[in-house]
file coords.txt (compact mmCIF, C-alpha atoms and all ligand atoms)
# COMPACT_ATOMS: atom_id res chain seq x y z
CA SER H 809 124.21 113.63 111.03
CA HIS H 810 120.57 114.65 110.85
CA LEU H 811 119.61 111.16 112.06
CA SER H 812 119.76 110.01 115.69
CA GLY H 813 122.52 107.61 116.75
CA GLU H 814 119.98 104.79 117.07
CA HIS H 815 118.58 105.25 113.56
CA PRO H 816 118.44 101.91 111.67
CA LEU H 817 120.57 103.33 108.85
CA HIS H 818 123.45 103.47 111.33
CA SER H 819 123.34 99.67 111.71
CA THR H 820 125.27 97.70 109.09
CA GLY H 821 122.42 95.15 108.92
CA VAL H 822 120.11 97.75 107.40
CA ALA H 823 122.75 99.85 105.61
CA ASP H 824 124.14 96.76 103.83
CA SER H 825 120.80 95.03 103.26
CA PRO H 826 120.05 94.10 99.63
CA MET H 827 117.43 96.88 99.51
CA LEU H 828 119.71 99.70 100.70
CA LYS H 829 122.56 98.45 98.53
CA ALA H 830 120.39 98.48 95.40
CA LEU H 831 118.88 101.87 96.23
CA THR H 832 122.37 103.35 96.54
CA GLY H 833 123.82 101.73 93.42
CA ARG H 834 125.87 99.05 95.19
CA GLN H 835 125.60 95.40 94.05
CA PRO H 836 123.30 93.45 96.40
CA GLN H 837 123.51 89.78 97.48
CA HIS H 838 120.28 89.12 95.59
CA ARG H 839 117.88 91.43 93.80
CA PRO H 840 115.65 92.98 96.47
CA VAL H 841 111.88 92.88 96.05
CA TRP H 842 108.91 94.51 97.75
CA PHE H 843 105.40 95.24 96.52
CA MET H 844 103.39 98.43 96.51
CA ARG H 845 100.23 97.70 98.59
CA GLN H 846 101.90 94.58 100.03
CA ALA H 847 99.98 95.35 103.23
CA GLY H 848 96.29 95.25 102.54
CA ARG H 849 93.31 93.28 101.50
CA SER H 850 95.17 90.44 99.76
CA LEU H 851 96.17 89.23 103.26
CA PRO H 852 93.66 87.39 105.50
CA GLU H 853 95.60 88.58 108.57
CA TYR H 854 95.10 92.18 107.37
CA ARG H 855 91.37 91.67 106.97
CA ALA H 856 91.24 90.17 110.47
CA ALA H 857 93.25 93.01 112.03
CA ARG H 858 91.07 95.64 110.31
CA GLU H 859 87.73 93.97 111.25
CA GLY H 860 85.36 96.76 112.31
CA ILE H 861 88.06 99.45 112.27
CA GLY H 862 88.02 102.26 109.73
CA MET H 863 90.99 102.88 107.43
CA LEU H 864 91.99 106.23 108.95
CA GLU H 865 91.60 104.94 112.50
CA SER H 866 93.83 101.96 111.61
CA CYS H 867 96.50 104.29 110.27
CA LEU H 868 96.37 106.47 113.39
CA THR H 869 96.51 103.61 115.92
CA PRO H 870 100.27 103.05 116.27
CA GLN H 871 100.17 99.39 117.44
CA LEU H 872 97.80 98.45 114.61
CA ALA H 873 99.64 100.39 111.90
CA ALA H 874 102.91 98.73 113.00
CA GLU H 875 101.33 95.25 113.02
CA ILE H 876 99.84 95.70 109.54
CA THR H 877 103.17 97.03 108.21
CA LEU H 878 104.96 93.91 109.53
CA GLN H 879 102.46 91.33 108.21
CA PRO H 880 103.73 91.10 104.60
CA VAL H 881 107.37 91.07 105.76
CA ARG H 882 106.73 88.02 107.98
CA ARG H 883 104.67 86.23 105.37
CA HIS H 884 106.46 86.97 102.10
CA LYS H 885 110.06 87.65 103.25
CA VAL H 886 110.12 90.80 101.15
CA ASP H 887 113.28 92.93 101.37
CA ALA H 888 111.55 96.05 102.68
CA ALA H 889 108.52 97.09 104.64
CA ILE H 890 106.40 100.01 103.46
CA PHE H 891 104.81 101.99 106.25
CA PHE H 892 101.07 101.31 106.46
CA SER H 893 99.41 104.68 106.12
CA ASP H 894 97.84 106.68 103.32
CA ILE H 895 98.64 109.76 101.27
CA VAL H 896 95.67 111.59 102.88
CA ILE H 897 96.89 111.07 106.46
CA PRO H 898 98.87 114.37 106.60
CA MET H 899 95.73 116.19 105.39
CA LYS H 900 93.66 114.46 108.06
CA LEU H 901 96.23 115.33 110.76
CA ALA H 902 96.20 118.96 109.63
CA GLY H 903 92.46 119.00 110.32
CA VAL H 904 91.05 118.74 106.78
CA ASP H 905 87.65 117.00 106.61
CA VAL H 906 88.64 113.81 104.75
CA ASP H 907 87.70 110.16 105.04
CA ILE H 908 88.62 106.96 103.22
CA VAL H 909 85.42 105.38 101.99
CA PRO H 910 85.57 101.57 101.59
CA GLY H 911 85.59 100.54 97.94
CA ARG H 912 86.10 104.12 96.80
CA GLY H 913 89.07 105.87 98.39
CA PRO H 914 89.72 109.34 99.83
CA VAL H 915 86.71 111.67 99.89
CA LEU H 916 86.77 115.27 101.18
CA GLY H 917 83.89 116.97 102.99
CA ALA H 918 84.39 120.00 100.75
CA PRO H 919 86.59 120.22 97.64
CA VAL H 920 89.34 122.88 97.49
CA ARG H 921 88.82 124.93 94.32
CA THR H 922 89.49 128.61 94.94
CA LEU H 923 92.23 130.76 96.42
CA GLU H 924 89.94 131.34 99.42
CA ASP H 925 89.55 127.56 99.88
CA VAL H 926 93.34 127.17 99.84
CA ALA H 927 93.89 130.08 102.22
CA ALA H 928 91.46 128.47 104.67
CA LEU H 929 93.43 125.18 104.77
CA PRO H 930 94.86 124.46 108.24
CA GLU H 931 98.61 124.03 108.62
CA LEU H 932 99.93 120.65 109.79
CA GLU H 933 101.27 120.99 113.35
CA ASP H 934 104.39 118.97 113.93
CA SER H 935 102.98 117.45 117.14
CA ALA H 936 100.00 116.07 115.20
CA LEU H 937 102.48 113.65 113.58
CA ASP H 938 103.24 111.94 116.91
CA PRO H 939 101.07 108.84 116.17
CA ILE H 940 103.07 108.44 112.94
CA ARG H 941 106.40 108.69 114.78
CA GLU H 942 105.19 106.19 117.36
CA ALA H 943 104.00 103.69 114.72
CA VAL H 944 107.29 103.97 112.81
CA ALA H 945 109.33 103.48 115.99
CA LEU H 946 107.29 100.37 116.95
CA THR H 947 107.72 99.01 113.42
CA VAL H 948 111.49 99.45 113.10
CA ALA H 949 111.98 97.94 116.58
CA GLU H 950 110.54 94.68 115.16
CA LEU H 951 112.06 94.81 111.67
CA GLY H 952 115.68 93.98 112.48
CA ASP H 953 117.78 94.23 109.31
CA THR H 954 114.80 94.83 107.01
CA PRO H 955 114.53 98.51 106.08
CA LEU H 956 111.32 100.49 106.39
CA ILE H 957 110.29 102.70 103.48
CA GLY H 958 108.46 105.88 104.42
CA PHE H 959 106.26 107.56 101.83
CA ALA H 960 104.09 110.49 100.97
CA GLY H 961 101.80 111.46 98.16
CA ALA H 962 103.39 113.89 95.71
CA PRO H 963 101.77 117.34 95.65
CA PHE H 964 99.97 116.79 92.32
CA THR H 965 98.40 113.48 93.35
CA VAL H 966 97.37 114.86 96.76
CA ALA H 967 96.04 118.08 95.21
CA ALA H 968 94.13 116.06 92.62
CA TYR H 969 92.06 114.47 95.43
CA MET H 970 91.59 117.85 97.11
CA VAL H 971 90.41 119.67 94.00
CA GLU H 972 88.20 116.83 92.75
CA GLY H 973 86.95 116.11 96.28
CA GLY H 974 87.50 112.38 95.69
CA PRO H 975 88.93 109.82 93.25
CA SER H 976 88.57 110.62 89.56
CA ARG H 977 89.77 109.09 86.34
CA ASP H 978 91.16 112.01 84.34
CA HIS H 979 91.85 114.60 87.06
CA LEU H 980 90.25 117.25 84.85
CA ARG H 981 89.56 119.78 87.61
CA PRO H 982 93.14 120.12 88.90
CA ARG H 983 94.45 120.20 85.32
CA THR H 984 91.98 122.98 84.51
CA MET H 985 92.79 124.89 87.71
CA MET H 986 96.50 125.15 86.84
CA HIS H 987 95.61 127.18 83.78
CA ALA H 988 92.43 128.93 84.91
CA ASP H 989 93.66 130.02 88.35
CA PRO H 990 97.44 129.56 88.51
CA GLU H 991 97.61 131.57 91.74
CA ALA H 992 95.26 129.21 93.57
CA TRP H 993 97.07 126.20 92.07
CA GLU H 994 100.44 127.55 93.20
CA ALA H 995 99.17 128.09 96.75
CA LEU H 996 97.67 124.59 96.86
CA GLY H 997 100.84 123.03 95.44
CA ARG H 998 102.89 124.73 98.13
CA TRP H 999 100.54 123.59 100.89
CA ALA H 1000 100.63 120.00 99.64
CA ALA H 1001 104.43 120.09 99.24
CA ARG H 1002 104.98 121.39 102.79
CA THR H 1003 102.58 118.86 104.25
CA SER H 1004 104.07 115.90 102.36
CA ALA H 1005 107.59 117.03 103.33
CA GLN H 1006 106.62 117.10 107.03
CA PHE H 1007 105.07 113.62 106.74
CA LEU H 1008 108.25 112.26 105.11
CA ALA H 1009 110.55 113.92 107.64
CA ALA H 1010 108.57 112.51 110.58
CA GLN H 1011 108.88 108.96 109.19
CA VAL H 1012 112.59 109.30 108.45
CA GLU H 1013 113.42 110.81 111.84
CA ALA H 1014 111.49 108.01 113.56
CA GLY H 1015 113.38 105.28 111.68
CA ALA H 1016 112.49 104.96 107.97
CA SER H 1017 115.62 104.22 105.88
CA ALA H 1018 114.28 105.21 102.45
CA VAL H 1019 111.33 107.18 101.13
CA GLN H 1020 109.04 106.91 98.16
CA LEU H 1021 107.14 109.86 96.75
CA PHE H 1022 103.97 108.54 95.06
CA ASP H 1023 102.84 110.69 92.16
CA SER H 1024 100.38 108.02 91.12
CA TRP H 1025 98.32 110.27 88.86
CA ALA H 1026 101.13 112.37 87.31
CA GLY H 1027 100.65 110.35 84.13
CA SER H 1028 97.53 112.39 83.38
CA LEU H 1029 99.78 115.42 82.78
CA GLY H 1030 101.68 116.37 79.66
CA GLU H 1031 105.37 117.06 80.17
CA ALA H 1032 104.98 120.83 79.65
CA ASP H 1033 102.36 121.13 82.39
CA TYR H 1034 104.35 118.83 84.66
CA ARG H 1035 107.44 121.02 84.31
CA ARG H 1036 105.53 124.30 84.63
CA PHE H 1037 103.01 123.55 87.38
CA VAL H 1038 104.05 120.44 89.29
CA MET H 1039 107.76 119.67 89.26
CA LYS H 1040 108.89 122.38 91.67
CA HIS H 1041 106.41 121.23 94.30
CA SER H 1042 107.62 117.63 94.11
CA ALA H 1043 111.20 118.94 94.13
CA PHE H 1044 110.46 120.83 97.34
CA ALA H 1045 109.16 117.69 99.10
CA LEU H 1046 112.19 115.68 97.93
CA GLN H 1047 114.67 118.45 98.88
CA GLN H 1048 113.28 118.70 102.39
CA VAL H 1049 114.48 115.15 103.17
CA GLU H 1050 117.80 115.38 101.32
CA LYS H 1051 119.67 116.31 104.51
CA TYR H 1052 118.93 112.89 106.05
CA GLY H 1053 120.80 111.07 103.31
CA VAL H 1054 118.08 108.43 102.81
CA PRO H 1055 117.50 107.25 99.23
CA ARG H 1056 114.48 108.83 97.57
CA ILE H 1057 112.33 106.82 95.14
CA HIS H 1058 109.95 108.67 92.83
CA PHE H 1059 107.06 106.71 91.32
CA GLY H 1060 104.04 107.38 89.16
CA THR H 1061 101.88 105.49 86.67
CA GLY H 1062 101.68 106.26 82.96
CA THR H 1063 104.82 108.39 83.33
CA ALA H 1064 106.88 107.10 80.38
CA GLU H 1065 107.07 110.65 78.99
CA LEU H 1066 107.77 112.22 82.40
CA LEU H 1067 110.62 110.03 83.68
CA PRO H 1068 113.45 112.49 82.99
CA ALA H 1069 111.53 115.40 84.56
CA MET H 1070 110.55 113.31 87.59
CA HIS H 1071 114.20 112.31 88.00
CA GLU H 1072 115.32 115.94 87.70
CA ALA H 1073 112.91 116.79 90.51
CA GLY H 1074 115.47 115.24 92.83
CA ALA H 1075 114.98 111.47 92.98
CA ASP H 1076 117.77 108.94 93.50
CA VAL H 1077 115.78 105.97 92.17
CA MET H 1078 112.99 105.99 89.58
CA GLY H 1079 109.94 103.78 89.93
CA VAL H 1080 108.57 102.62 86.59
CA ASP H 1081 105.07 101.34 85.94
CA TYR H 1082 104.34 98.16 83.97
CA ARG H 1083 103.79 99.88 80.63
CA LEU H 1084 107.44 100.74 79.89
CA PRO H 1085 110.19 98.09 79.83
CA LEU H 1086 112.99 98.92 82.27
CA ASP H 1087 115.70 98.98 79.60
CA GLU H 1088 113.69 101.59 77.68
CA ALA H 1089 113.14 103.56 80.92
CA GLU H 1090 116.90 103.52 81.55
CA ARG H 1091 117.54 104.69 77.98
CA ARG H 1092 115.11 107.61 78.42
CA LEU H 1093 116.87 108.56 81.66
CA GLY H 1094 120.25 108.63 79.92
CA GLY H 1095 121.73 105.80 82.01
CA GLY H 1096 123.19 105.51 85.49
CA VAL H 1097 119.87 105.68 87.36
CA PRO H 1098 118.82 102.80 89.69
CA LEU H 1099 115.33 101.61 88.80
CA GLN H 1100 112.41 100.05 90.63
CA GLY H 1101 109.68 98.01 88.99
CA ASN H 1102 107.78 96.74 87.08
CA ILE H 1103 106.00 93.39 87.07
CA ASP H 1104 102.52 93.80 85.60
CA PRO H 1105 100.02 93.26 88.47
CA ALA H 1106 97.73 91.50 85.98
CA LEU H 1107 100.27 88.65 85.76
CA LEU H 1108 99.74 87.81 89.45
CA ALA H 1109 96.52 86.08 88.43
CA ALA H 1110 97.89 84.48 85.24
CA GLY H 1111 99.42 81.36 86.84
CA ARG H 1112 103.01 80.73 88.00
CA THR H 1113 104.36 79.77 84.57
CA ALA H 1114 103.28 82.99 82.86
CA LEU H 1115 104.18 85.07 85.92
CA PHE H 1116 107.70 83.68 86.25
CA ALA H 1117 108.36 83.99 82.49
CA HIS H 1118 107.25 87.63 82.67
CA THR H 1119 109.43 88.12 85.78
CA ASP H 1120 112.45 86.76 83.87
CA ARG H 1121 111.90 89.45 81.23
CA VAL H 1122 111.63 92.15 83.91
CA LEU H 1123 114.86 90.93 85.58
CA GLU H 1124 116.62 90.85 82.21
CA ALA H 1125 115.48 94.39 81.30
CA GLY H 1126 116.55 95.50 84.79
CA ASN H 1127 120.14 94.60 83.88
CA ALA H 1128 120.20 97.84 81.88
CA ALA H 1129 120.13 99.82 85.15
CA PRO H 1130 123.12 100.05 87.53
CA THR H 1131 120.93 98.34 90.15
CA HIS H 1132 117.32 97.16 90.20
CA VAL H 1133 114.74 96.90 92.98
CA VAL H 1134 112.00 94.52 91.89
CA ASN H 1135 108.43 95.67 92.44
CA LEU H 1136 105.10 95.61 90.65
CA GLY H 1137 104.22 98.28 88.11
CA HIS H 1138 101.48 99.40 90.53
CA GLY H 1139 99.82 98.07 93.69
CA VAL H 1140 98.88 94.48 94.60
CA PRO H 1141 95.27 93.92 93.49
CA PRO H 1142 93.09 93.06 96.55
CA SER H 1143 91.98 89.78 94.89
CA THR H 1144 95.57 88.47 94.69
CA ASP H 1145 96.27 84.98 96.10
CA PRO H 1146 98.96 85.79 98.70
CA THR H 1147 100.76 82.47 98.14
CA VAL H 1148 101.58 83.72 94.63
CA LEU H 1149 103.41 86.71 96.16
CA THR H 1150 105.35 84.51 98.59
CA ASP H 1151 106.42 82.21 95.74
CA LEU H 1152 107.34 85.18 93.56
CA VAL H 1153 109.66 86.60 96.24
CA GLU H 1154 111.38 83.22 96.57
CA TYR H 1155 111.67 82.89 92.79
CA ILE H 1156 113.31 86.31 92.49
CA HIS H 1157 115.69 85.68 95.37
CA THR H 1158 116.80 82.27 94.08
CA SER H 1159 117.17 83.25 90.47
CA THR H 1160 119.26 86.35 91.26
CA ARG H 1161 121.40 85.10 94.20
CA LYS H 1162 125.10 85.80 93.70
O1 LIG Q 1201 89.78 99.37 103.14
C1 LIG Q 1201 90.99 99.34 102.82
O2 LIG Q 1201 91.72 98.34 103.05
C2 LIG Q 1201 91.51 100.57 102.20
C3 LIG Q 1201 92.36 100.36 101.01
C4 LIG Q 1201 93.61 101.20 101.20
C5 LIG Q 1201 94.86 100.76 101.66
C6 LIG Q 1201 95.25 99.36 102.06
C7 LIG Q 1201 93.70 102.60 100.99
C8 LIG Q 1201 92.60 103.52 100.57
N1 LIG Q 1201 94.98 102.99 101.30
C9 LIG Q 1201 95.72 101.91 101.71
C10 LIG Q 1201 97.11 101.89 102.19
C11 LIG Q 1201 98.10 102.64 101.42
N2 LIG Q 1201 97.85 103.71 100.63
C12 LIG Q 1201 99.48 102.37 101.45
C13 LIG Q 1201 100.06 101.36 102.40
C14 LIG Q 1201 101.25 100.63 102.25
C15 LIG Q 1201 101.38 99.55 101.18
O3 LIG Q 1201 101.65 99.89 100.01
O4 LIG Q 1201 101.33 98.36 101.53
C16 LIG Q 1201 100.09 103.30 100.59
C17 LIG Q 1201 101.54 103.43 100.24
C18 LIG Q 1201 99.04 104.13 100.08
C19 LIG Q 1201 99.26 105.28 99.21
C20 LIG Q 1201 98.14 105.75 98.36
N3 LIG Q 1201 96.85 106.05 98.72
C21 LIG Q 1201 98.29 106.10 96.99
C22 LIG Q 1201 99.58 106.00 96.26
C23 LIG Q 1201 99.84 104.59 95.86
C24 LIG Q 1201 98.99 104.05 94.73
O5 LIG Q 1201 98.34 103.01 94.95
O6 LIG Q 1201 98.98 104.66 93.66
C25 LIG Q 1201 97.06 106.57 96.53
C26 LIG Q 1201 96.73 107.04 95.14
C27 LIG Q 1201 96.16 106.52 97.62
C28 LIG Q 1201 94.75 106.95 97.62
C29 LIG Q 1201 93.87 105.81 98.00
N4 LIG Q 1201 93.75 105.36 99.29
C30 LIG Q 1201 92.92 104.28 99.33
C31 LIG Q 1201 92.49 104.01 97.99
C32 LIG Q 1201 91.55 102.91 97.57
C33 LIG Q 1201 93.12 104.97 97.16
C34 LIG Q 1201 93.00 105.08 95.63
C35 LIG Q 1201 91.69 105.65 95.21
C36 LIG Q 1201 91.67 106.05 93.72
O7 LIG Q 1201 91.52 105.15 92.86
O8 LIG Q 1201 91.82 107.26 93.41
call {"tool": "encode", "arguments": {"input": "coords.txt", "output": "structure tokens"}}
result
Amino acid sequence: SHLSGEHPLHSTGVADSPMLKALTGRQPQHRPVWFMRQAGRSLPEYRAAREGIGMLESCLTPQLAAEITLQPVRRHKVDAAIFFSDIVIPMKLAGVDVDIVPGRGPVLGAPVRTLEDVAALPELEDSALDPIREAVALTVAELGDTPLIGFAGAPFTVAAYMVEGGPSRDHLRPRTMMHADPEAWEALGRWAARTSAQFLAAQVEAGASAVQLFDSWAGSLGEADYRRFVMKHSAFALQQVEKYGVPRIHFGTGTAELLPAMHEAGADVMGVDYRLPLDEAERRLGGGVPLQGNIDPALLAAGRTALFAHTDRVLEAGNAAPTHVVNLGHGVPPSTDPTVLTDLVEYIHTSTRK
């Protein structure tokens, strides 16, 4: 095996947890649930732990990253932890000038727009990932039978920040670059794919039992551009972790038209955003694909009655898939009342228990 003897996936507690069962198409004891951005500003204990400490520093301090990863598992009894980090961490560890600006997101010192810019990018040294390995090891030591999900940004989403130099709405510059300078785009896509693959591998080797590739902004692409300029880079990142045998989830927002291509890129489970009902997603995928999703984050603030009625519809639509991991259609909004999330987990567990 490509995993050490002590890897959590070798324990039956993790391997037969509801989360791992659902991710591998086996019927779980109850429908597993976790939330994208479950660690973060919705939790008072997160705000306390982060007091006076920058986002990147928090991610690179192993004890703190482990503690923040564990907080939502303790509080909400979710079926999986997601490693507390960020899609720009591999870039940072490679030596790229990047910071996460409060209230804004990742911002680069200098955008990457030409072939020369790409050629000047530093390579990620494997040893630079040691704080990540240490944080993952500390986390899984505390998690018991709850699996840890490792993640990385997909090459397009990562490259979108690099080319824009920061967050943007339409990702015009990277979409222009593909066509205007395909050679530079290709080189950047390969850099981002290698770097994301290394980040994923480090988390899996240190104890993550599943991975999620976040192509959050892929929905800004048409299918033709996705297939021509993006898919092979995501496929590379997914292929690099295939040898570990951990389930690979592939998620993006606004990707209703891209689901089959994103699945073909090499995913085992498809994440679906809140815009497309899961039964329709399953139909577009041709059946047989485990799904993850897709409670509308807006419903978290709509009151329990509306939220649980909406959840019932999501659970019902999820029956169209061989197995279903419940999640939101995108991240937990920072303003969310955390007691709503705790109650939602309990509601899902009780109403789906076999
Ligand atoms: O001050 C803060 O608390 C910073 C807010 C924050 C947090 C909590 C950022 C900045 N990143 C994170 C953690 C994070 N980022 C996780 C942790 C685990 C969890 O889900 O609980 C994960 C998986 C990410 C991944 C990430 N970062 C994505 C993909 C997921 C998604 O939400 O689509 C993206 C697009 C980013 C970029 C990013 N980092 C931070 C922000 C605010 C953003 C988005 C900026 C934008 O709108 O473009």
call {"tool": "residues_near_ligand", "arguments": {"input": "coords.txt", "ligand": "ligand LIG 1201 (chain Q)", "cutoff": "9 Å", "atoms": "all atoms listed in the file", "output": "PyMOL selection string"}}
result
chain H and resi 843-849+854-855+858+862-864+867+876-877+880+889-896+908-914+958-962+965-966+969+974-977+1020-1025+1059-1061+1138-1140+1142
call {"tool": "write_last_selection", "arguments": {"input": "coords.txt", "atoms": "C-alpha atoms", "output": "PDB file, in the frame of the given file"}}
result
ATOM      1  CA  PHE H 843     105.400  95.240  96.520  1.00  0.00           C
ATOM      2  CA  MET H 844     103.390  98.430  96.510  1.00  0.00           C
ATOM      3  CA  ARG H 845     100.230  97.700  98.590  1.00  0.00           C
ATOM      4  CA  GLN H 846     101.900  94.580 100.030  1.00  0.00           C
ATOM      5  CA  ALA H 847      99.980  95.350 103.230  1.00  0.00           C
ATOM      6  CA  GLY H 848      96.290  95.250 102.540  1.00  0.00           C
ATOM      7  CA  ARG H 849      93.310  93.280 101.500  1.00  0.00           C
ATOM      8  CA  TYR H 854      95.100  92.180 107.370  1.00  0.00           C
ATOM      9  CA  ARG H 855      91.370  91.670 106.970  1.00  0.00           C
ATOM     10  CA  ARG H 858      91.070  95.640 110.310  1.00  0.00           C
ATOM     11  CA  GLY H 862      88.020 102.260 109.730  1.00  0.00           C
ATOM     12  CA  MET H 863      90.990 102.880 107.430  1.00  0.00           C
ATOM     13  CA  LEU H 864      91.990 106.230 108.950  1.00  0.00           C
ATOM     14  CA  CYS H 867      96.500 104.290 110.270  1.00  0.00           C
ATOM     15  CA  ILE H 876      99.840  95.700 109.540  1.00  0.00           C
ATOM     16  CA  THR H 877     103.170  97.030 108.210  1.00  0.00           C
ATOM     17  CA  PRO H 880     103.730  91.100 104.600  1.00  0.00           C
ATOM     18  CA  ALA H 889     108.520  97.090 104.640  1.00  0.00           C
ATOM     19  CA  ILE H 890     106.400 100.010 103.460  1.00  0.00           C
ATOM     20  CA  PHE H 891     104.810 101.990 106.250  1.00  0.00           C
ATOM     21  CA  PHE H 892     101.070 101.310 106.460  1.00  0.00           C
ATOM     22  CA  SER H 893      99.410 104.680 106.120  1.00  0.00           C
ATOM     23  CA  ASP H 894      97.840 106.680 103.320  1.00  0.00           C
ATOM     24  CA  ILE H 895      98.640 109.760 101.270  1.00  0.00           C
ATOM     25  CA  VAL H 896      95.670 111.590 102.880  1.00  0.00           C
ATOM     26  CA  ILE H 908      88.620 106.960 103.220  1.00  0.00           C
ATOM     27  CA  VAL H 909      85.420 105.380 101.990  1.00  0.00           C
ATOM     28  CA  PRO H 910      85.570 101.570 101.590  1.00  0.00           C
ATOM     29  CA  GLY H 911      85.590 100.540  97.940  1.00  0.00           C
ATOM     30  CA  ARG H 912      86.100 104.120  96.800  1.00  0.00           C
ATOM     31  CA  GLY H 913      89.070 105.870  98.390  1.00  0.00           C
ATOM     32  CA  PRO H 914      89.720 109.340  99.830  1.00  0.00           C
ATOM     33  CA  GLY H 958     108.460 105.880 104.420  1.00  0.00           C
ATOM     34  CA  PHE H 959     106.260 107.560 101.830  1.00  0.00           C
ATOM     35  CA  ALA H 960     104.090 110.490 100.970  1.00  0.00           C
ATOM     36  CA  GLY H 961     101.800 111.460  98.160  1.00  0.00           C
ATOM     37  CA  ALA H 962     103.390 113.890  95.710  1.00  0.00           C
ATOM     38  CA  THR H 965      98.400 113.480  93.350  1.00  0.00           C
ATOM     39  CA  VAL H 966      97.370 114.860  96.760  1.00  0.00           C
ATOM     40  CA  TYR H 969      92.060 114.470  95.430  1.00  0.00           C
ATOM     41  CA  GLY H 974      87.500 112.380  95.690  1.00  0.00           C
ATOM     42  CA  PRO H 975      88.930 109.820  93.250  1.00  0.00           C
ATOM     43  CA  SER H 976      88.570 110.620  89.560  1.00  0.00           C
ATOM     44  CA  ARG H 977      89.770 109.090  86.340  1.00  0.00           C
ATOM     45  CA  GLN H1020     109.040 106.910  98.160  1.00  0.00           C
ATOM     46  CA  LEU H1021     107.140 109.860  96.750  1.00  0.00           C
ATOM     47  CA  PHE H1022     103.970 108.540  95.060  1.00  0.00           C
ATOM     48  CA  ASP H1023     102.840 110.690  92.160  1.00  0.00           C
ATOM     49  CA  SER H1024     100.380 108.020  91.120  1.00  0.00           C
ATOM     50  CA  TRP H1025      98.320 110.270  88.860  1.00  0.00           C
ATOM     51  CA  PHE H1059     107.060 106.710  91.320  1.00  0.00           C
ATOM     52  CA  GLY H1060     104.040 107.380  89.160  1.00  0.00           C
ATOM     53  CA  THR H1061     101.880 105.490  86.670  1.00  0.00           C
ATOM     54  CA  HIS H1138     101.480  99.400  90.530  1.00  0.00           C
ATOM     55  CA  GLY H1139      99.820  98.070  93.690  1.00  0.00           C
ATOM     56  CA  VAL H1140      98.880  94.480  94.600  1.00  0.00           C
ATOM     57  CA  PRO H1142      93.090  93.060  96.550  1.00  0.00           C
TER      58      PRO H1142
END
call {"tool": "residues_around", "arguments": {"input": "coords.txt", "residues": "stretch 980-995 of chain H", "least_positions_apart": "4", "cutoff": "12 Å", "atoms": "only C-alpha atoms", "output": "tab-separated table (two decimals) with C-alpha atoms, in the coordinates of the input"}}
result
chain	number	residue	atom	x	y	z
H	919	PRO	CA	86.59	120.22	97.64
H	920	VAL	CA	89.34	122.88	97.49
H	921	ARG	CA	88.82	124.93	94.32
H	922	THR	CA	89.49	128.61	94.94
H	923	LEU	CA	92.23	130.76	96.42
H	924	GLU	CA	89.94	131.34	99.42
H	925	ASP	CA	89.55	127.56	99.88
H	926	VAL	CA	93.34	127.17	99.84
H	927	ALA	CA	93.89	130.08	102.22
H	928	ALA	CA	91.46	128.47	104.67
H	929	LEU	CA	93.43	125.18	104.77
H	963	PRO	CA	101.77	117.34	95.65
H	964	PHE	CA	99.97	116.79	92.32
H	965	THR	CA	98.40	113.48	93.35
H	966	VAL	CA	97.37	114.86	96.76
H	967	ALA	CA	96.04	118.08	95.21
H	968	ALA	CA	94.13	116.06	92.62
H	969	TYR	CA	92.06	114.47	95.43
H	970	MET	CA	91.59	117.85	97.11
H	971	VAL	CA	90.41	119.67	94.00
H	972	GLU	CA	88.20	116.83	92.75
H	973	GLY	CA	86.95	116.11	96.28
H	974	GLY	CA	87.50	112.38	95.69
H	975	PRO	CA	88.93	109.82	93.25
H	976	SER	CA	88.57	110.62	89.56
H	999	TRP	CA	100.54	123.59	100.89
H	1000	ALA	CA	100.63	120.00	99.64
H	1001	ALA	CA	104.43	120.09	99.24
H	1002	ARG	CA	104.98	121.39	102.79
H	1025	TRP	CA	98.32	110.27	88.86
H	1026	ALA	CA	101.13	112.37	87.31
H	1027	GLY	CA	100.65	110.35	84.13
H	1028	SER	CA	97.53	112.39	83.38
H	1029	LEU	CA	99.78	115.42	82.78
H	1030	GLY	CA	101.68	116.37	79.66
H	1032	ALA	CA	104.98	120.83	79.65
H	1033	ASP	CA	102.36	121.13	82.39
H	1034	TYR	CA	104.35	118.83	84.66
H	1035	ARG	CA	107.44	121.02	84.31
H	1036	ARG	CA	105.53	124.30	84.63
H	1037	PHE	CA	103.01	123.55	87.38
H	1038	VAL	CA	104.05	120.44	89.29
H	1039	MET	CA	107.76	119.67	89.26
H	1040	LYS	CA	108.89	122.38	91.67
H	1041	HIS	CA	106.41	121.23	94.30
call {"tool": "residues_around", "arguments": {"input": "coords.txt", "residues": "H:Asp953", "least_positions_apart": "5", "cutoff": "7 Å", "atoms": "only C-alpha atoms", "output": "PyMOL selection string"}}
result
chain H and resi 821-822+825
call {"tool": "closest_atom_pairs", "arguments": {"input": "coords.txt", "of": "stretch 821-855 of chain H", "to": "stretch 1116-1126 of chain H", "cutoff": "12 Å", "atoms": "all atoms listed in the file", "output": "tab-separated table"}}
result
residue	atom	partner	partner_atom	distance
H:Ala830	CA	H:Gly1126	CA	11.7
H:His838	CA	H:Leu1123	CA	11.5
H:Arg839	CA	H:Leu1123	CA	8.8
H:Pro840	CA	H:Leu1123	CA	11.1
H:Val841	CA	H:Leu1123	CA	11.1
call {"tool": "write_last_selection", "arguments": {"input": "coords.txt", "atoms": "C-alpha atoms", "output": "PDB file, keeping the file's coordinate frame"}}
result
ATOM      1  CA  ALA H 830     120.390  98.480  95.400  1.00  0.00           C
ATOM      2  CA  HIS H 838     120.280  89.120  95.590  1.00  0.00           C
ATOM      3  CA  ARG H 839     117.880  91.430  93.800  1.00  0.00           C
ATOM      4  CA  PRO H 840     115.650  92.980  96.470  1.00  0.00           C
ATOM      5  CA  VAL H 841     111.880  92.880  96.050  1.00  0.00           C
TER       6      VAL H 841
END
